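See below for input_32.txt, which holds compact mmCIF, C-alpha atoms and all ligand atoms.
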# COMPACT_ATOMS: atom_id res chain seq x y z
CA MET A 1 15.26 6.96 -20.68
CA ALA A 2 14.87 3.25 -21.21
CA PHE A 3 11.18 3.31 -22.14
CA GLU A 4 8.60 5.59 -23.67
CA THR A 5 6.00 4.92 -20.98
CA GLN A 6 2.55 4.51 -22.52
CA MET A 7 -0.55 5.20 -20.45
CA LEU A 8 -3.65 3.48 -21.84
CA SER A 9 -7.13 3.34 -20.43
CA SER A 10 -7.98 -0.13 -19.32
CA ASN A 11 -9.98 -2.16 -21.87
CA ASP A 12 -9.76 -5.59 -23.52
CA GLU A 13 -7.15 -4.43 -26.01
CA SER A 14 -4.83 -2.68 -23.54
CA ILE A 15 -5.13 -5.59 -21.08
CA GLU A 16 -4.15 -7.97 -23.89
CA LEU A 17 -1.10 -5.81 -24.66
CA ALA A 18 -0.18 -5.68 -20.97
CA ALA A 19 -0.48 -9.47 -20.69
CA LYS A 20 1.84 -9.91 -23.70
CA LEU A 21 4.42 -7.60 -22.13
CA ILE A 22 4.23 -9.60 -18.90
CA GLN A 23 4.68 -12.86 -20.79
CA GLN A 24 7.78 -11.32 -22.41
CA GLY A 25 9.20 -10.64 -18.95
CA GLU A 26 8.33 -6.93 -18.70
CA VAL A 27 6.79 -4.87 -15.91
CA VAL A 28 3.40 -3.18 -16.27
CA ALA A 29 1.52 -0.90 -13.86
CA MET A 30 -2.02 -2.03 -13.07
CA PRO A 31 -4.86 -0.55 -11.06
CA THR A 32 -6.11 -2.40 -8.00
CA GLU A 33 -8.82 -1.54 -5.49
CA THR A 34 -6.16 -0.54 -2.93
CA VAL A 35 -3.38 1.29 -4.82
CA TYR A 36 -1.71 0.84 -8.22
CA GLY A 37 0.78 -2.04 -8.50
CA LEU A 38 3.90 -2.73 -10.60
CA ALA A 39 3.22 -6.19 -11.97
CA ALA A 40 5.46 -8.90 -13.40
CA ASN A 41 5.40 -12.71 -13.66
CA ALA A 42 5.95 -13.84 -10.05
CA PHE A 43 7.70 -17.03 -11.23
CA ASP A 44 10.25 -15.20 -13.44
CA GLU A 45 13.20 -13.93 -11.42
CA HIS A 46 14.50 -11.72 -14.24
CA ALA A 47 11.12 -10.02 -14.62
CA VAL A 48 10.84 -9.56 -10.85
CA ALA A 49 14.35 -8.06 -10.77
CA LYS A 50 13.04 -5.35 -13.11
CA ILE A 51 10.37 -4.42 -10.52
CA PHE A 52 13.06 -3.92 -7.88
CA ARG A 53 15.08 -1.78 -10.30
CA ALA A 54 12.13 0.35 -11.43
CA LYS A 55 11.11 1.07 -7.82
CA GLU A 56 14.67 1.27 -6.43
CA ARG A 57 13.39 -1.10 -3.76
CA PRO A 58 15.67 -2.78 -1.19
CA ALA A 59 16.15 -6.46 -2.08
CA ASP A 60 15.03 -7.74 1.33
CA ASN A 61 11.54 -6.20 1.06
CA PRO A 62 9.29 -9.00 -0.29
CA LEU A 63 6.60 -8.60 -2.95
CA ILE A 64 2.94 -9.62 -2.81
CA VAL A 65 1.85 -12.26 -5.34
CA HIS A 66 -1.55 -11.60 -6.92
CA ILE A 67 -3.84 -14.42 -8.08
CA SER A 68 -7.28 -14.44 -9.70
CA GLU A 69 -8.47 -17.97 -8.87
CA LEU A 70 -8.33 -19.97 -5.64
CA THR A 71 -6.80 -22.88 -7.57
CA GLN A 72 -3.65 -20.77 -8.12
CA MET A 73 -3.05 -20.69 -4.37
CA THR A 74 -1.33 -24.07 -4.37
CA ASP A 75 1.12 -22.91 -7.09
CA VAL A 76 2.27 -20.19 -4.71
CA ALA A 77 1.75 -21.47 -1.13
CA SER A 78 3.01 -24.85 0.06
CA GLN A 79 0.85 -24.98 3.21
CA ILE A 80 -2.60 -23.47 3.56
CA PRO A 81 -4.01 -23.58 7.10
CA THR A 82 -7.77 -23.82 7.60
CA LEU A 83 -7.80 -20.26 8.95
CA ALA A 84 -6.30 -19.04 5.67
CA LEU A 85 -9.03 -20.80 3.71
CA SER A 86 -11.66 -19.19 5.94
CA CYS A 87 -10.09 -15.77 5.32
CA ALA A 88 -10.00 -16.39 1.57
CA LYS A 89 -13.67 -17.33 1.67
CA ALA A 90 -14.62 -14.30 3.72
CA PHE A 91 -12.47 -11.56 2.14
CA TRP A 92 -11.29 -12.56 -1.34
CA PRO A 93 -11.34 -11.07 -3.84
CA GLY A 94 -10.38 -8.00 -1.83
CA PRO A 95 -7.73 -6.06 0.07
CA LEU A 96 -6.29 -8.88 2.20
CA THR A 97 -2.78 -10.36 1.85
CA MET A 98 -1.93 -13.62 3.62
CA VAL A 99 1.66 -14.59 4.41
CA LEU A 100 2.12 -18.35 3.93
CA PRO A 101 5.04 -20.75 3.31
CA LYS A 102 6.09 -20.47 -0.34
CA THR A 103 6.43 -23.17 -2.98
CA PRO A 104 9.78 -23.66 -4.77
CA ARG A 105 8.19 -22.09 -7.88
CA ILE A 106 8.33 -18.70 -6.16
CA PRO A 107 11.91 -17.50 -6.66
CA SER A 108 13.76 -16.11 -3.68
CA ILE A 109 13.90 -12.61 -5.24
CA THR A 110 10.06 -12.43 -5.19
CA SER A 111 9.89 -13.29 -1.47
CA GLY A 112 12.79 -11.01 -0.51
CA GLY A 113 14.82 -14.06 0.51
CA LEU A 114 12.11 -15.32 2.90
CA GLU A 115 10.62 -18.83 2.92
CA THR A 116 7.16 -17.26 3.06
CA VAL A 117 5.19 -15.33 0.46
CA GLY A 118 2.38 -12.77 0.65
CA ILE A 119 -0.65 -13.74 -1.49
CA ARG A 120 -3.67 -11.70 -2.40
CA MET A 121 -6.62 -11.95 -4.79
CA PRO A 122 -7.50 -8.39 -5.84
CA SER A 123 -11.08 -7.42 -6.68
CA HIS A 124 -10.35 -4.73 -9.28
CA PRO A 125 -11.67 -6.05 -12.63
CA THR A 126 -8.58 -4.88 -14.55
CA ALA A 127 -6.18 -6.59 -12.15
CA ARG A 128 -8.19 -9.81 -12.33
CA ALA A 129 -8.44 -9.68 -16.13
CA LEU A 130 -4.69 -9.07 -16.40
CA ILE A 131 -3.82 -12.04 -14.18
CA ASP A 132 -6.18 -14.21 -16.25
CA ALA A 133 -4.75 -13.01 -19.57
CA ALA A 134 -1.11 -13.31 -18.44
CA GLU A 135 -1.88 -16.83 -17.14
CA VAL A 136 0.59 -16.46 -14.27
CA PRO A 137 0.40 -15.03 -10.75
CA LEU A 138 1.65 -11.44 -10.71
CA ALA A 139 4.19 -10.15 -8.22
CA ALA A 140 3.19 -6.53 -7.60
CA PRO A 141 4.35 -4.01 -5.04
CA SER A 142 2.79 -0.55 -4.95
CA ALA A 143 3.80 1.34 -8.11
CA ASN A 144 5.61 4.23 -6.39
CA LEU A 145 9.33 4.88 -6.12
CA SER A 146 10.54 3.25 -2.91
CA GLY A 147 9.84 5.57 0.03
CA SER A 148 7.30 7.86 -1.66
CA PRO A 149 3.51 7.75 -1.17
CA SER A 150 1.73 4.86 -2.90
CA PRO A 151 -0.05 5.80 -6.16
CA THR A 152 -3.84 5.94 -6.10
CA CYS A 153 -4.28 6.98 -9.76
CA ALA A 154 -2.48 6.44 -13.06
CA GLU A 155 -1.05 10.00 -13.05
CA HIS A 156 0.75 9.29 -9.75
CA VAL A 157 2.31 6.21 -11.34
CA LEU A 158 3.41 8.17 -14.40
CA LYS A 159 5.08 10.74 -12.16
CA ASP A 160 7.22 8.08 -10.46
CA MET A 161 7.68 5.54 -13.28
CA ASN A 162 7.94 7.62 -16.46
CA GLY A 163 10.74 6.11 -18.56
CA ARG A 164 11.12 3.13 -16.22
CA ILE A 165 8.32 0.83 -17.47
CA PRO A 166 6.66 0.36 -20.88
CA LEU A 167 2.97 0.56 -19.90
CA ILE A 168 0.52 1.90 -17.33
CA LEU A 169 -3.08 0.66 -17.42
CA ASP A 170 -5.36 3.47 -16.30
CA GLY A 171 -8.28 2.05 -14.34
CA GLY A 172 -9.35 5.20 -12.53
CA VAL A 173 -8.84 6.22 -8.92
CA SER A 174 -8.19 3.39 -6.43
CA ASP A 175 -11.11 2.77 -4.14
CA ALA A 176 -9.54 2.02 -0.74
CA GLY A 177 -6.53 4.32 -1.17
CA VAL A 178 -4.35 2.41 1.31
CA GLU A 179 -2.60 -0.89 0.61
CA SER A 180 -4.04 -4.27 1.59
CA THR A 181 -4.16 -5.59 5.13
CA VAL A 182 -1.22 -8.01 5.53
CA ILE A 183 -1.71 -10.90 7.96
CA CYS A 184 0.13 -14.02 9.05
CA PHE A 185 -1.14 -16.98 11.04
CA GLU A 186 -0.35 -18.33 14.47
CA PRO A 187 -2.08 -21.44 15.81
CA GLU A 188 -5.77 -20.41 16.03
CA ALA A 189 -4.79 -16.72 15.70
CA ILE A 190 -4.36 -14.07 13.04
CA LYS A 191 -1.65 -11.42 13.35
CA ILE A 192 -1.97 -8.13 11.48
CA LEU A 193 1.41 -7.07 10.07
CA ARG A 194 0.05 -4.09 8.12
CA PRO A 195 -3.46 -2.67 8.70
CA GLY A 196 -5.72 -1.89 5.75
CA ALA A 197 -9.34 -1.85 4.65
CA ILE A 198 -9.96 -5.34 6.08
CA THR A 199 -10.00 -4.37 9.75
CA ALA A 200 -9.24 -6.29 12.96
CA GLN A 201 -12.98 -6.23 13.71
CA MET A 202 -13.72 -7.84 10.33
CA LEU A 203 -11.03 -10.49 10.79
CA ALA A 204 -12.57 -11.33 14.18
CA SER A 205 -15.46 -12.91 12.29
CA VAL A 206 -13.01 -15.67 11.28
CA THR A 207 -11.29 -16.18 14.64
CA PRO A 208 -11.75 -14.29 17.91
CA ASP A 209 -7.97 -14.12 18.41
CA VAL A 210 -6.74 -11.24 16.21
CA ARG A 211 -3.41 -9.73 17.23
CA ILE A 212 -1.69 -6.60 16.03
CA ASP A 213 2.06 -6.75 15.43
CA LYS A 214 3.94 -4.13 17.42
CA GLY A 215 5.46 -2.75 14.20
CA VAL A 216 2.00 -1.46 13.21
CA LEU A 217 2.03 1.30 15.82
CA HIS A 218 5.69 1.63 16.78
CA ALA A 219 8.95 2.30 15.02
CA VAL A 220 11.02 -0.78 14.27
CA ASP A 221 14.77 -0.68 14.59
CA ASN A 222 16.51 -1.26 11.21
CA SER A 223 18.78 -3.87 12.76
CA GLN A 224 15.83 -5.93 14.06
CA VAL A 225 14.41 -8.96 12.33
CA VAL A 226 10.86 -7.85 11.65
CA ALA A 227 7.76 -9.83 10.74
CA SER A 228 7.04 -7.59 7.77
CA PRO A 229 10.26 -6.17 6.30
CA GLY A 230 8.37 -3.32 4.60
CA MET A 231 7.69 -1.79 8.00
CA LYS A 232 11.30 -0.94 8.73
CA TYR A 233 11.78 1.37 5.75
CA LYS A 234 11.06 5.09 5.56
CA HIS A 235 7.71 5.20 3.90
CA TYR A 236 5.05 7.30 2.29
CA SER A 237 7.12 10.41 2.74
CA PRO A 238 6.53 13.55 0.79
CA LYS A 239 9.41 16.04 0.61
CA ALA A 240 7.67 18.13 3.27
CA ASN A 241 8.32 17.45 6.93
CA VAL A 242 5.18 15.76 8.25
CA ILE A 243 4.19 16.18 11.92
CA ILE A 244 1.15 14.56 13.53
CA VAL A 245 -0.68 16.78 16.02
CA ASP A 246 -2.75 14.90 18.59
CA GLY A 247 -5.42 17.07 20.20
CA SER A 248 -8.95 18.42 19.84
CA PRO A 249 -9.86 20.41 16.70
CA GLU A 250 -9.58 23.63 18.75
CA GLN A 251 -6.16 22.70 20.13
CA PHE A 252 -5.02 21.73 16.64
CA LYS A 253 -6.14 25.06 15.24
CA ASP A 254 -4.46 27.10 18.01
CA TYR A 255 -1.26 25.07 17.67
CA VAL A 256 -0.87 25.33 13.91
CA LEU A 257 -1.82 29.00 13.82
CA SER A 258 0.83 29.81 16.40
CA SER A 259 3.54 27.42 15.10
CA GLY A 260 2.86 27.62 11.36
CA THR A 261 5.37 29.46 9.21
CA PRO A 262 5.22 30.22 5.48
CA GLY A 263 5.20 26.85 3.74
CA THR A 264 2.98 25.20 6.36
CA LEU A 265 0.01 23.14 5.17
CA CYS A 266 -2.53 21.24 7.28
CA LEU A 267 -4.25 17.91 6.73
CA ILE A 268 -7.61 18.14 8.43
CA PHE A 269 -10.62 15.85 8.87
CA GLY A 270 -13.77 17.73 7.95
CA ASP A 271 -14.31 21.38 8.74
CA GLU A 272 -12.55 22.20 11.98
CA GLY A 273 -12.91 25.92 11.80
CA MET A 274 -9.76 26.08 9.69
CA ASP A 275 -11.66 27.52 6.74
CA ASN A 276 -11.96 30.78 8.67
CA THR A 277 -8.18 31.07 8.62
CA GLU A 278 -5.57 31.83 5.96
CA MET A 279 -3.83 28.50 6.62
CA PRO A 280 -3.59 26.25 3.51
CA CYS A 281 -5.42 22.99 4.24
CA ILE A 282 -6.33 19.74 2.56
CA ASP A 283 -9.48 18.16 3.94
CA LEU A 284 -9.28 14.35 4.00
CA GLY A 285 -12.90 13.96 5.09
CA LEU A 286 -14.66 12.93 8.28
CA SER A 287 -14.78 9.15 8.03
CA SER A 288 -11.74 6.87 8.25
CA GLU A 289 -12.69 5.39 4.87
CA GLU A 290 -12.60 8.84 3.23
CA GLN A 291 -9.32 9.65 4.99
CA ALA A 292 -7.76 6.41 3.68
CA HIS A 293 -9.07 7.12 0.19
CA ASN A 294 -7.59 10.65 0.15
CA LEU A 295 -4.38 10.33 2.20
CA PHE A 296 -1.73 9.51 -0.42
CA ASP A 297 -3.14 11.95 -2.95
CA ALA A 298 -3.00 14.65 -0.26
CA LEU A 299 0.64 13.85 0.58
CA ARG A 300 1.53 14.17 -3.10
CA GLU A 301 -0.49 17.38 -3.42
CA ALA A 302 1.34 18.85 -0.40
CA ASP A 303 4.59 18.47 -2.36
CA GLU A 304 3.07 19.94 -5.50
CA ARG A 305 1.96 22.96 -3.50
CA GLY A 306 5.52 23.34 -2.23
CA ALA A 307 4.68 22.69 1.43
CA LYS A 308 7.68 22.65 3.76
CA THR A 309 5.84 21.46 6.87
CA VAL A 310 2.64 19.43 6.97
CA TYR A 311 0.70 19.33 10.23
CA ALA A 312 -1.73 16.41 10.19
CA ARG A 313 -4.51 15.85 12.67
CA CYS A 314 -4.08 12.55 14.50
CA PRO A 315 -6.57 10.03 13.06
CA LYS A 316 -8.76 7.69 15.08
CA LEU A 317 -7.12 4.33 15.72
CA ASP A 318 -10.12 2.06 15.28
CA GLY A 319 -11.39 0.38 12.10
CA VAL A 320 -9.75 1.65 8.92
CA GLY A 321 -8.39 4.53 11.02
CA LEU A 322 -5.60 2.21 12.15
CA ALA A 323 -4.42 1.97 8.52
CA VAL A 324 -4.54 5.76 8.15
CA TYR A 325 -2.54 6.20 11.37
CA ASN A 326 -0.02 3.48 10.37
CA ARG A 327 0.73 5.28 7.05
CA LEU A 328 0.70 8.78 8.50
CA ILE A 329 3.01 7.92 11.40
CA ARG A 330 5.56 6.59 8.88
CA ALA A 331 5.17 9.66 6.67
CA ALA A 332 5.87 11.64 9.86
CA ALA A 333 8.88 9.46 10.78
CA PHE A 334 7.04 8.88 14.12
CA GLU A 335 6.98 12.58 15.05
CA VAL A 336 3.84 13.27 17.10
CA VAL A 337 3.06 16.45 19.05
CA LYS A 338 0.70 15.61 21.92
CA LEU A 339 -1.37 18.57 23.11
O1 LIG B 1 -2.63 -3.42 -1.66
C1 LIG B 1 -1.51 -3.90 -1.81
O2 LIG B 1 -1.06 -4.78 -1.06
C2 LIG B 1 -0.66 -3.35 -2.97
C3 LIG B 1 -1.35 -3.69 -4.27
C4 LIG B 1 -0.53 -3.36 -5.49
O3 LIG B 1 -1.73 -5.02 -4.27
N1 LIG B 1 0.67 -3.89 -2.90
C5 LIG B 1 1.56 -3.48 -1.94
O4 LIG B 1 2.78 -4.08 -2.03
O5 LIG B 1 1.30 -2.69 -1.08
P1 LIG B 1 4.09 -3.51 -1.30
O6 LIG B 1 5.19 -4.29 -1.87
O7 LIG B 1 4.15 -2.04 -1.47
O8 LIG B 1 3.90 -3.90 0.19
C6 LIG B 1 4.01 -5.25 0.57
C7 LIG B 1 4.06 -5.38 2.06
C8 LIG B 1 5.40 -4.98 2.62
O9 LIG B 1 5.21 -4.30 3.84
C9 LIG B 1 6.07 -6.33 2.83
O10 LIG B 1 7.03 -6.27 3.83
C10 LIG B 1 4.89 -7.22 3.19
O11 LIG B 1 3.84 -6.75 2.40
N2 LIG B 1 5.17 -8.62 2.84
C11 LIG B 1 5.20 -9.17 1.61
N3 LIG B 1 5.57 -10.46 1.67
C12 LIG B 1 5.79 -10.74 2.96
C13 LIG B 1 6.24 -11.89 3.68
N4 LIG B 1 6.54 -13.03 3.06
N5 LIG B 1 6.34 -11.80 5.02
C14 LIG B 1 6.04 -10.65 5.66
N6 LIG B 1 5.65 -9.53 5.05
C15 LIG B 1 5.52 -9.56 3.71
MG MG B 2 4.60 -0.09 -1.04
Transcribe the structure of this file into structure tokens.
Amino acid sequence: MAFETQMLSSNDESIELAAKLIQQGEVVAMPTETVYGLAANAFDEHAVAKIFRAKERPADNPLIVHISELTQMTDVASQIPTLALSCAKAFWPGPLTMVLPKTPRIPSITSGGLETVGIRMPSHPTARALIDAAEVPLAAPSANLSGSPSPTCAEHVLKDMNGRIPLILDGGVSDAGVESTVICFEPEAIKILRPGAITAQMLASVTPDVRIDKGVLHAVDNSQVVASPGMKYKHYSPKANVIIVDGSPEQFKDYVLSSGTPGTLCLIFGDEGMDNTEMPCIDLGLSSEEQAHNLFDALREADERGAKTVYARCPKLDGVGLAVYNRLIRAAAFEVVKL
């Protein structure tokens, strides 16, 4: 192993140590309000290369650059449309990433070879303090191995990154539980490339014209040029085979009880009568917000419990539910049983 990975609870001292490591060109895992990130100096191509290596991430999948002050935006983005400023005012700090043309200071490796860059100002106090202390914007993808569920606590990061990075800052369980909403701009319109906790309805307060990229709901062909390269990769997948089941709670129950074999586990939303059965279940909660908060932990737990098949109830598609569906449909490799 290249590193003895240290996990330290987040405080002034550990943040100072993390900032030093970043200034020396290393990669550090940090908590954010969405999921944990693997952070390095966004301007340093050698440091960013270490992120790609640690995650085993494909080189054409761009990273998000994290800032802590609005003044840093011009170091990263070369053009900032009025709509982007309105979004920054309305939703930053918070779980919103804006794709804008990049400055030459952002090396091509950070932007996955694109001329644009994703920028976000996180609200988690540790992430903000680390950006301030490192004195550079931080490139940070989710801190999971490429393809596996994003980490929502420091233990998840340790599982994937042990021996690959020197330090994990433990800042508790991530609040949102799904990654930031990624948007780009069209004249007078916002397009959602990846749904998250900032919903289409919320973005509509900035402009009435909010569009949803077709890659959000549908599979994208690997040979296609896609608006958000991350969407073409197999994602969020536990070892178990995940299948979404679209039907009423009663239909869901009948279906899984008749199709389930040993090694089947169900992801349910609130009590749906499943607790009267022998079927192993993980309850993600009734609201879309709870489901988002619990989803990735549940996918990891399914693996830990040795599940072979996971039947997941189909989430609602509105509000934060769209983010839950977008992650779950990728975990399920687009396999949906309609009842
Ligand atoms: O909440 C989050 O966004 C977390 C935390 C750590 O901040 N980060 C995260 O990063 O989810 P990552 O690398 O796992 O996902 C970044 C997504 C990918 O789907 C990528 O394709 C898209 O953002 N993206 C980044 N830069 C882009 C660009 N220039 N154009 C289009 N899509 C971009
Ligand atoms: Mg990711």
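Of the listed residues A:Val337, A:Val178, A:Ala240, A:Leu284, the one whose atoms come nearest to Ala302 of chain A is A:Ala240, with distances taken using all atoms listed in the file.
The nearest approach to Glu4 of chain A among the residues A:Asn162, A:Ser108, A:Thr71, A:Ser180, with all atoms listed in the file taken into account, belongs to A:Asn162.
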Nearby residues (only C-alpha atoms) at most 8 Å from Met231 of chain A, same-chain spacing under 4 positions excluded, as a PyMOL selection string: chain A and resi 194+215-216+220+226
Within 7 Å of ligand MG 2 (chain B) (only C-alpha atoms and all ligand atoms), residues as a ChimeraX atom specification: /A:141-142,144,150
Would you mind listing, for every residue of segment 68-165 of chain A within 12 Å of segment 303-312 of chain A, the two atoms forming the shortest contact and the distance between them in Å to one decimal, using all atoms listed in the file, sorted by chain and ascending residue number, as a tab-separated table?
residue	atom	partner	partner_atom	distance
A:Ser148	CA	A:Asp303	CA	11.0
A:Pro149	CA	A:Asp303	CA	10.8
A:His156	CA	A:Glu304	CA	11.7
A:Lys159	CA	A:Glu304	CA	11.5
Kindly complete segment 15-24 of chain A to all heavy atoms; the output should be written as a compact mmCIF listing (two decimals), in the coordinates of the input.
# COMPACT_ATOMS: atom_id res chain seq x y z
N ILE A 15 -5.44 -4.49 -22.01
CA ILE A 15 -5.13 -5.59 -21.08
C ILE A 15 -4.40 -6.71 -21.83
O ILE A 15 -3.43 -7.28 -21.32
CB ILE A 15 -6.43 -6.11 -20.39
CG1 ILE A 15 -6.96 -5.04 -19.42
CG2 ILE A 15 -6.16 -7.42 -19.65
CD1 ILE A 15 -8.34 -5.33 -18.85
N GLU A 16 -4.83 -6.96 -23.06
CA GLU A 16 -4.15 -7.97 -23.89
C GLU A 16 -2.68 -7.58 -24.13
O GLU A 16 -1.77 -8.40 -24.01
CB GLU A 16 -4.91 -8.10 -25.23
CG GLU A 16 -4.79 -9.42 -25.91
CD GLU A 16 -4.97 -10.61 -24.97
OE1 GLU A 16 -5.99 -10.72 -24.26
OE2 GLU A 16 -4.03 -11.44 -24.93
N LEU A 17 -2.47 -6.30 -24.44
CA LEU A 17 -1.10 -5.81 -24.66
C LEU A 17 -0.27 -5.95 -23.37
O LEU A 17 0.88 -6.41 -23.40
CB LEU A 17 -1.16 -4.34 -25.11
CG LEU A 17 0.17 -3.60 -25.21
CD1 LEU A 17 1.05 -4.22 -26.31
CD2 LEU A 17 -0.05 -2.10 -25.51
N ALA A 18 -0.88 -5.58 -22.25
CA ALA A 18 -0.18 -5.68 -20.97
C ALA A 18 0.19 -7.13 -20.66
O ALA A 18 1.30 -7.43 -20.21
CB ALA A 18 -1.07 -5.11 -19.85
N ALA A 19 -0.74 -8.04 -20.95
CA ALA A 19 -0.48 -9.47 -20.69
C ALA A 19 0.68 -9.97 -21.55
O ALA A 19 1.53 -10.74 -21.09
CB ALA A 19 -1.74 -10.28 -20.96
N LYS A 20 0.74 -9.52 -22.81
CA LYS A 20 1.84 -9.91 -23.70
C LYS A 20 3.17 -9.43 -23.14
O LYS A 20 4.15 -10.16 -23.11
CB LYS A 20 1.64 -9.30 -25.10
CG LYS A 20 0.67 -10.06 -25.94
CD LYS A 20 1.11 -10.07 -27.44
CE LYS A 20 0.08 -10.82 -28.24
NZ LYS A 20 -1.17 -9.99 -28.46
N LEU A 21 3.18 -8.15 -22.70
CA LEU A 21 4.42 -7.60 -22.13
C LEU A 21 4.86 -8.42 -20.92
O LEU A 21 6.04 -8.73 -20.75
CB LEU A 21 4.20 -6.13 -21.73
CG LEU A 21 4.17 -5.14 -22.90
CD1 LEU A 21 3.59 -3.79 -22.46
CD2 LEU A 21 5.59 -4.94 -23.47
N ILE A 22 3.89 -8.80 -20.09
CA ILE A 22 4.23 -9.60 -18.90
C ILE A 22 4.79 -10.96 -19.31
O ILE A 22 5.78 -11.42 -18.75
CB ILE A 22 3.01 -9.71 -17.97
CG1 ILE A 22 2.87 -8.38 -17.20
CG2 ILE A 22 3.14 -10.88 -17.00
CD1 ILE A 22 1.64 -8.22 -16.40
N GLN A 23 4.17 -11.56 -20.33
CA GLN A 23 4.68 -12.86 -20.79
C GLN A 23 6.08 -12.73 -21.39
O GLN A 23 6.85 -13.69 -21.39
CB GLN A 23 3.70 -13.48 -21.79
CG GLN A 23 2.48 -14.03 -21.07
CD GLN A 23 1.33 -14.38 -22.00
OE1 GLN A 23 1.33 -14.01 -23.18
NE2 GLN A 23 0.34 -15.10 -21.47
N GLN A 24 6.41 -11.54 -21.88
CA GLN A 24 7.78 -11.32 -22.41
C GLN A 24 8.76 -10.92 -21.32
O GLN A 24 9.91 -10.57 -21.59
CB GLN A 24 7.75 -10.21 -23.48
CG GLN A 24 7.06 -10.63 -24.77
CD GLN A 24 6.62 -9.42 -25.61
OE1 GLN A 24 6.99 -8.28 -25.34
NE2 GLN A 24 5.84 -9.69 -26.64
